[in-house]
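A quick write-up on the structure given underneath.
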2 protein chains.
Amino acid sequence: MSRHPSKPAAEALTLTPIAITRSCFRDKFGVPRQPGLTRHARADLVIQPPFDREDAFRGLETASHLWLTFQFHEAVRAEWRPVVRPPRLGGNRKMGVFASRSPFRPNSLGLSVVRNEGLARIDGRLVLRIRDHDLIEGTPVLDIKPYLPFADSVPEATLGWADSPPTERLEVVFLPEAEQQIRQLAPERYPELRPLIEDVVAYDPRPSFRRGREEDRIYGAHLYDLNVRFRFVSDHSPKRVEVLTVC
Amino acid sequence: MSRHPSKPAAEALTLTPIAITRSCFRDKFGVPRQPGLTRHARADLVIQPPFDREDAFRGLETASHLWLTFQFHEAVRAEWRPVVRPPRLGGNRKMGVFASRSPFRPNSLGLSVVRNEGLARIDGRLVLRIRDHDLIEGTPVLDIKPYLPFADSVPEATLGWADSPPTERLEVVFLPEAEQQIRQLAPERYPELRPLIEDVVAYDPRPSFRRGREEDRIYGAHLYDLNVRFRFVSDHSPKRVEVLTVC
C-alpha cells in the first residue's frame, strides 16, 4: 500500500478542543465499530475553558441526540494512505479512505451521533454526559451540534458495502468468577457494566484476520478502570465467547 | 451579548483542506438554511493535492449520500459568542451556540449531508460532484465520508426548537423579463436554474428582522455568475415574491 506525506495542500486551519472525553472505553480494543451498537456505553465530555459556560449550551436539553466532531487522536499519522481495508469487509477488500469511516484518514476527523444525557457539574467542572457512543478515553471533541432530524436523518440513503448494521452477535457466557466480580462492583461507578461487557464481546472485537480462527488466546479489554478478560470458544455452536474475569 | 477571546484551550490541531467548493451559491445571501431544502443546488468539490487520486475514493460510487465536514470560512471570527439567535426562531430567542447549527461557532466547523453525484475529471482536475447542498463558493472541505444509514439516520431523534423543516414557502412569480432571460441561458451551464431560483426565494432569505415587513426594496442573490433580482410583495395574499431579472 502506498504512503504519501500529509503536507498541507491549501491554507491550513487550526482548531482547539471544545471538550476532552472521559470514556468507559480506555483504549481502542473493544470500542464498537459504530456508535449505537451498544446502548450501555457512557462518557463525560469535560468542557474545556473558555467554553465551559452553561449559556453556551442553553437549549441543548431539548435535543435527544448530538453530533460530535472529534479527532481520532490515536490514529493520527504523519503519512496518509489512499486505501483502507474496512473490518466489516473481512479486511480483504480495499476501499478508498474517503469511501470509508476509517479512523486512519487525512485530518483524522471522526463523526458520531450520540445520545444526549445532559449537562452536569462534576468537581466544579462543566461536563456533558452522553451515551451510545464510540469514543476512546481522551478523545478531543472539536464540535458539539444538535441532531436536526429533518435534515440529518436520511432513511432512504444507501451505501452499497454497508447497508445494514453488523448482525452477527456471538453468544456470551459469563463464567462464575466474572459474575461474582461484577456483583461486587458499585453500580454508580460502573453503570450497566454487565450489558456493556456483553455488547463489547458479542460483536467480536478481534482484528479481521483473527476472527473465525480457532485459538486459546485470552483477550483483555479495558472498560472504566477494569480489565475484562475473555476467550472465544471455537468448538461450540452457536459461536460463543466466555467472559472469564472482570477486575 | 458578551464576547470572549478564542484562545486555544488544550493543544491545538492543524487541518488541511481536502477539497475547495465550486458552488452555485456565490455568497451567503440566498443559501438554504439547511441542505436538502432545495433539490436543485449543485456544487463541484475540487479535490486538492495530494488527495486528488481516484483510489482514495474507490467504492464511493455505492454511497447515495455523503457527509461533508467543512469550514464556515465566511464566519470565522477572532472572538466567539456563547449565545446566538437562530433565524428559525425569528431572531428573538437566544440559544447556546452548541445547541444551534449557527455558522458563528468555535472552530467554525460545518456539517452537511449532501447527495453524491460521483467523481469527474474537469480540466484535468479531480472533482466530486454533489447536490442538495448548502455550501458557499470557496468553502474548504475538511472531510468526506459516506452516509451510513444504519448509524447516521435516527428518525426518532427529537429537537425541541426545530423538530420539522421550515414549511412556509412564499408564492413565487417570475416576471416576463426574468422568464425570457432564463430561457436564453444554456442549461448545461446553469442546470435546473429556474427551480433553484424558486427554492432560494420561496424560503425568504431575508434576515429575520426584515421578514414580514412591507418594503419596496429590491434584493439580489448571486447564483452561478448570475445576479437574480427579486422583491417581496406585501399587499398580496398568499405572500408572494416576484423574480424581476436573471442576468
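Ordered as shown in the C-alpha cells, chains take letters A, B, and onward, while each chain numbers its residues from 1 and ligands are numbered from 1 in the order shown.
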
Take chain B, lay it over chain A with a least-squares fit on all the Cα atoms in order, then hand it over as a short mmCIF file (atom, residue, chain, number, x, y, z; two decimals) with C-alpha atoms, in the first residue's frame.
data_model
loop_
_atom_site.label_atom_id
_atom_site.label_comp_id
_atom_site.auth_asym_id
_atom_site.auth_seq_id
_atom_site.Cartn_x
_atom_site.Cartn_y
_atom_site.Cartn_z
CA MET B 1 0.00 -0.02 -0.02
CA SER B 2 1.49 3.32 -0.98
CA ARG B 3 2.04 6.09 1.52
CA HIS B 4 2.08 9.80 0.89
CA PRO B 5 3.28 12.68 3.00
CA SER B 6 0.44 14.67 4.59
CA LYS B 7 1.84 18.02 3.59
CA PRO B 8 -0.59 20.93 3.66
CA ALA B 9 -2.39 21.51 0.36
CA ALA B 10 -4.18 24.81 0.65
CA GLU B 11 -4.09 27.09 3.68
CA ALA B 12 -4.13 25.12 6.92
CA LEU B 13 -6.67 25.68 9.73
CA THR B 14 -6.08 25.50 13.43
CA LEU B 15 -8.70 24.04 15.77
CA THR B 16 -8.87 23.86 19.52
CA PRO B 17 -10.65 21.15 21.59
CA ILE B 18 -14.07 22.12 22.97
CA ALA B 19 -14.07 19.11 25.30
CA ILE B 20 -11.95 16.15 26.34
CA THR B 21 -13.65 12.75 26.65
CA ARG B 22 -13.74 10.69 29.83
CA SER B 23 -14.91 7.38 28.40
CA CYS B 24 -15.88 3.91 29.56
CA PHE B 25 -13.57 2.75 26.73
CA ARG B 26 -9.98 3.10 27.92
CA ASP B 27 -8.33 1.99 24.70
CA LYS B 28 -9.14 1.11 21.11
CA PHE B 29 -9.67 -2.62 21.58
CA GLY B 30 -13.33 -3.30 22.33
CA VAL B 31 -14.75 0.01 21.14
CA PRO B 32 -17.85 -0.61 18.99
CA ARG B 33 -17.18 -0.08 15.29
CA GLN B 34 -20.04 2.41 15.13
CA PRO B 35 -21.89 4.31 17.86
CA GLY B 36 -25.28 2.84 18.69
CA LEU B 37 -24.04 -0.77 18.60
CA THR B 38 -24.25 -0.68 22.37
CA ARG B 39 -26.86 1.20 24.38
CA HIS B 40 -24.77 0.95 27.53
CA ALA B 41 -21.63 2.96 26.75
CA ARG B 42 -21.30 6.17 28.79
CA ALA B 43 -18.92 9.07 28.59
CA ASP B 44 -18.49 12.51 30.11
CA LEU B 45 -17.29 15.29 27.84
CA VAL B 46 -15.29 17.63 30.08
CA ILE B 47 -15.83 21.08 28.57
CA GLN B 48 -12.55 22.99 28.27
CA PRO B 49 -12.05 26.66 29.10
CA PRO B 50 -13.06 29.15 27.76
CA PHE B 51 -16.07 27.13 26.53
CA ASP B 52 -17.12 25.83 29.97
CA ARG B 53 -20.09 28.19 30.37
CA GLU B 54 -23.66 26.94 30.83
CA ASP B 55 -25.03 29.62 28.50
CA ALA B 56 -23.09 28.19 25.53
CA PHE B 57 -25.30 25.07 25.90
CA ARG B 58 -28.64 26.80 26.57
CA GLY B 59 -31.45 24.87 24.88
CA LEU B 60 -29.37 21.72 24.36
CA GLU B 61 -31.66 19.91 26.82
CA THR B 62 -34.30 19.78 24.05
CA ALA B 63 -32.01 17.66 21.84
CA SER B 64 -32.29 13.89 22.22
CA HIS B 65 -29.20 13.28 20.09
CA LEU B 66 -25.99 15.15 19.32
CA TRP B 67 -23.35 15.20 16.62
CA LEU B 68 -19.80 15.08 17.86
CA THR B 69 -16.97 16.00 15.55
CA PHE B 70 -13.77 14.75 17.13
CA GLN B 71 -10.18 13.85 16.46
CA PHE B 72 -9.23 10.18 16.13
CA HIS B 73 -6.32 11.09 18.38
CA GLU B 74 -4.90 7.56 18.48
CA ALA B 75 -4.95 7.28 14.68
CA VAL B 76 -3.00 10.44 13.81
CA ARG B 77 -0.18 9.57 11.43
CA ALA B 78 2.46 11.64 9.67
CA GLU B 79 1.51 10.00 6.37
CA TRP B 80 -1.84 9.08 4.84
CA ARG B 81 -2.92 6.06 2.81
CA PRO B 82 -5.39 6.44 -0.07
CA VAL B 83 -6.93 3.00 0.54
CA VAL B 84 -8.05 1.14 3.67
CA ARG B 85 -9.45 -2.31 4.44
CA PRO B 86 -12.71 -1.93 6.39
CA PRO B 87 -13.09 -4.60 9.10
CA ARG B 88 -16.71 -5.24 8.08
CA LEU B 89 -15.47 -6.48 4.69
CA GLY B 90 -13.31 -9.03 6.46
CA GLY B 91 -10.19 -6.93 5.94
CA ASN B 92 -9.85 -8.31 2.40
CA ARG B 93 -11.26 -5.58 0.20
CA LYS B 94 -9.59 -2.24 -0.37
CA MET B 95 -11.73 0.88 -0.25
CA GLY B 96 -10.85 4.50 -0.81
CA VAL B 97 -10.30 6.21 2.53
CA PHE B 98 -13.00 8.81 1.67
CA ALA B 99 -15.43 5.98 0.86
CA SER B 100 -14.86 4.62 4.38
CA ARG B 101 -15.33 5.70 7.98
CA SER B 102 -11.81 4.55 8.87
CA PRO B 103 -10.09 6.49 11.67
CA PHE B 104 -6.88 6.45 9.61
CA ARG B 105 -7.78 9.37 7.33
CA PRO B 106 -6.43 12.78 6.34
CA ASN B 107 -7.26 15.34 9.06
CA SER B 108 -8.19 12.46 11.44
CA LEU B 109 -11.76 13.75 11.88
CA GLY B 110 -14.39 11.48 13.41
CA LEU B 111 -18.15 11.97 13.37
CA SER B 112 -20.62 10.22 15.67
CA VAL B 113 -24.23 10.64 16.64
CA VAL B 114 -24.65 10.04 20.39
CA ARG B 115 -27.45 10.25 22.91
CA ASN B 116 -27.59 13.44 24.99
CA GLU B 117 -27.74 12.83 28.76
CA GLY B 118 -27.46 16.48 29.75
CA LEU B 119 -25.09 18.89 31.47
CA ALA B 120 -23.69 18.34 34.94
CA ARG B 121 -21.13 19.87 37.28
CA ILE B 122 -18.60 17.32 38.47
CA ASP B 123 -15.87 18.48 40.85
CA GLY B 124 -16.64 22.02 39.73
CA ARG B 125 -16.13 21.26 36.04
CA LEU B 126 -18.83 21.57 33.40
CA VAL B 127 -19.50 18.16 31.86
CA LEU B 128 -21.80 16.99 29.06
CA ARG B 129 -22.93 13.41 29.66
CA ILE B 130 -23.50 11.15 26.65
CA ARG B 131 -24.24 7.51 25.87
CA ASP B 132 -24.47 5.16 22.85
CA HIS B 133 -21.04 6.42 21.83
CA ASP B 134 -17.80 5.03 20.40
CA LEU B 135 -15.20 7.47 21.77
CA ILE B 136 -11.96 6.42 23.41
CA GLU B 137 -10.66 7.94 26.64
CA GLY B 138 -9.00 11.29 25.98
CA THR B 139 -10.69 11.96 22.62
CA PRO B 140 -10.60 15.70 21.82
CA VAL B 141 -14.08 16.90 20.79
CA LEU B 142 -13.94 19.70 18.22
CA ASP B 143 -17.64 20.47 17.87
CA ILE B 144 -20.97 19.66 19.51
CA LYS B 145 -24.16 20.20 17.49
CA PRO B 146 -27.78 19.16 18.00
CA TYR B 147 -29.03 16.39 15.68
CA LEU B 148 -31.53 18.00 13.30
CA PRO B 149 -33.93 15.14 12.49
CA PHE B 150 -35.45 16.64 9.35
CA ALA B 151 -32.06 17.43 7.81
CA ASP B 152 -29.75 14.74 9.21
CA SER B 153 -31.98 11.66 9.11
CA VAL B 154 -31.99 10.23 5.58
CA PRO B 155 -33.52 6.76 5.96
CA GLU B 156 -33.64 6.31 2.17
CA ALA B 157 -29.85 6.74 1.86
CA THR B 158 -27.96 3.71 0.63
CA LEU B 159 -24.37 2.56 0.95
CA GLY B 160 -23.55 -0.46 -1.16
CA TRP B 161 -20.91 -2.01 1.04
CA ALA B 162 -22.54 -1.39 4.45
CA ASP B 163 -26.28 -1.14 4.11
CA SER B 164 -27.18 -2.73 7.42
CA PRO B 165 -25.67 -2.95 10.89
CA PRO B 166 -23.39 -5.87 11.68
CA THR B 167 -25.85 -8.58 12.74
CA GLU B 168 -23.71 -11.46 13.87
CA ARG B 169 -23.57 -11.47 17.65
CA LEU B 170 -21.75 -14.21 19.46
CA GLU B 171 -23.39 -15.98 22.37
CA VAL B 172 -21.91 -14.55 25.59
CA VAL B 173 -21.41 -16.61 28.75
CA PHE B 174 -20.21 -15.03 32.00
CA LEU B 175 -18.22 -17.57 34.02
CA PRO B 176 -18.99 -17.70 37.78
CA GLU B 177 -15.87 -15.76 38.78
CA ALA B 178 -16.79 -12.90 36.41
CA GLU B 179 -20.41 -12.88 37.64
CA GLN B 180 -19.26 -12.63 41.23
CA GLN B 181 -16.77 -9.86 40.49
CA ILE B 182 -19.43 -7.82 38.68
CA ARG B 183 -21.83 -8.18 41.61
CA GLN B 184 -19.23 -6.70 43.95
CA LEU B 185 -18.70 -3.55 41.86
CA ALA B 186 -20.62 -0.36 42.72
CA PRO B 187 -23.27 0.26 40.02
CA GLU B 188 -22.98 4.07 40.48
CA ARG B 189 -19.36 3.85 39.41
CA TYR B 190 -19.84 1.19 36.71
CA PRO B 191 -23.35 1.78 35.36
CA GLU B 192 -24.82 -1.04 33.23
CA LEU B 193 -21.48 -2.82 33.30
CA ARG B 194 -22.75 -6.32 32.55
CA PRO B 195 -24.75 -5.41 29.40
CA LEU B 196 -21.86 -3.18 28.27
CA ILE B 197 -19.41 -6.08 28.54
CA GLU B 198 -21.89 -8.31 26.73
CA ASP B 199 -22.17 -5.90 23.78
CA VAL B 200 -18.42 -5.34 23.58
CA VAL B 201 -17.51 -9.02 23.35
CA ALA B 202 -20.61 -10.16 21.38
CA TYR B 203 -19.58 -8.15 18.29
CA ASP B 204 -16.17 -9.87 18.28
CA PRO B 205 -13.66 -7.06 18.70
CA ARG B 206 -10.79 -9.12 17.28
CA PRO B 207 -9.01 -7.85 14.17
CA SER B 208 -10.44 -9.32 10.95
CA PHE B 209 -7.57 -11.74 10.33
CA ARG B 210 -8.12 -13.42 13.70
CA ARG B 211 -11.89 -13.75 13.57
CA GLY B 212 -13.26 -17.22 12.96
CA ARG B 213 -9.94 -18.84 13.83
CA GLU B 214 -9.59 -21.43 16.51
CA GLU B 215 -7.48 -20.14 19.32
CA ASP B 216 -6.96 -20.48 23.05
CA ARG B 217 -5.73 -16.94 23.43
CA ILE B 218 -7.20 -14.87 26.25
CA TYR B 219 -8.13 -11.30 25.33
CA GLY B 220 -8.41 -8.28 27.59
CA ALA B 221 -10.47 -5.12 27.10
CA HIS B 222 -10.30 -2.06 29.36
CA LEU B 223 -13.69 -0.74 30.43
CA TYR B 224 -13.59 2.06 33.00
CA ASP B 225 -10.63 1.10 35.21
CA LEU B 226 -11.38 -2.61 34.84
CA ASN B 227 -9.71 -5.31 32.81
CA VAL B 228 -12.26 -7.66 31.22
CA ARG B 229 -10.70 -10.99 30.23
CA PHE B 230 -12.48 -13.21 27.73
CA ARG B 231 -11.85 -16.01 25.24
CA PHE B 232 -13.51 -17.30 22.11
CA VAL B 233 -14.77 -20.88 22.22
CA SER B 234 -14.17 -22.47 18.85
CA ASP B 235 -15.80 -25.88 19.34
CA HIS B 236 -19.26 -24.58 20.23
CA SER B 237 -22.29 -23.88 18.07
CA PRO B 238 -23.58 -21.17 18.04
CA LYS B 239 -20.24 -19.40 18.34
CA ARG B 240 -19.59 -18.46 21.91
CA VAL B 241 -17.41 -16.09 23.90
CA GLU B 242 -16.72 -16.63 27.60
CA VAL B 243 -16.10 -13.76 30.00
CA LEU B 244 -13.53 -15.04 32.50
CA THR B 245 -12.79 -12.21 34.92
CA VAL B 246 -13.72 -8.56 35.48
CA CYS B 247 -11.36 -6.78 37.84
#

Practice item. Would you mind writing down, as an MDAnalysis selection string, each residue of stretch 2-247 of chain B that DSSP on the backbone assigns to strand (DSSP E)? Key: chainID B and resid 4:5 13:15 19:23 42:47 65:71 79:80 83:84 95:96 109:122 125:131 140:146 171:174 219:223 226:233 240:246

Residues flagged helix (DSSP H, G or I) by DSSP in stretch 44-227 of chain B, as a VMD selection string: chain B and resid 54 to 57 60 to 62 87 to 89 97 to 99 106 to 108 149 to 152 176 to 183 193 to 202 208 to 210
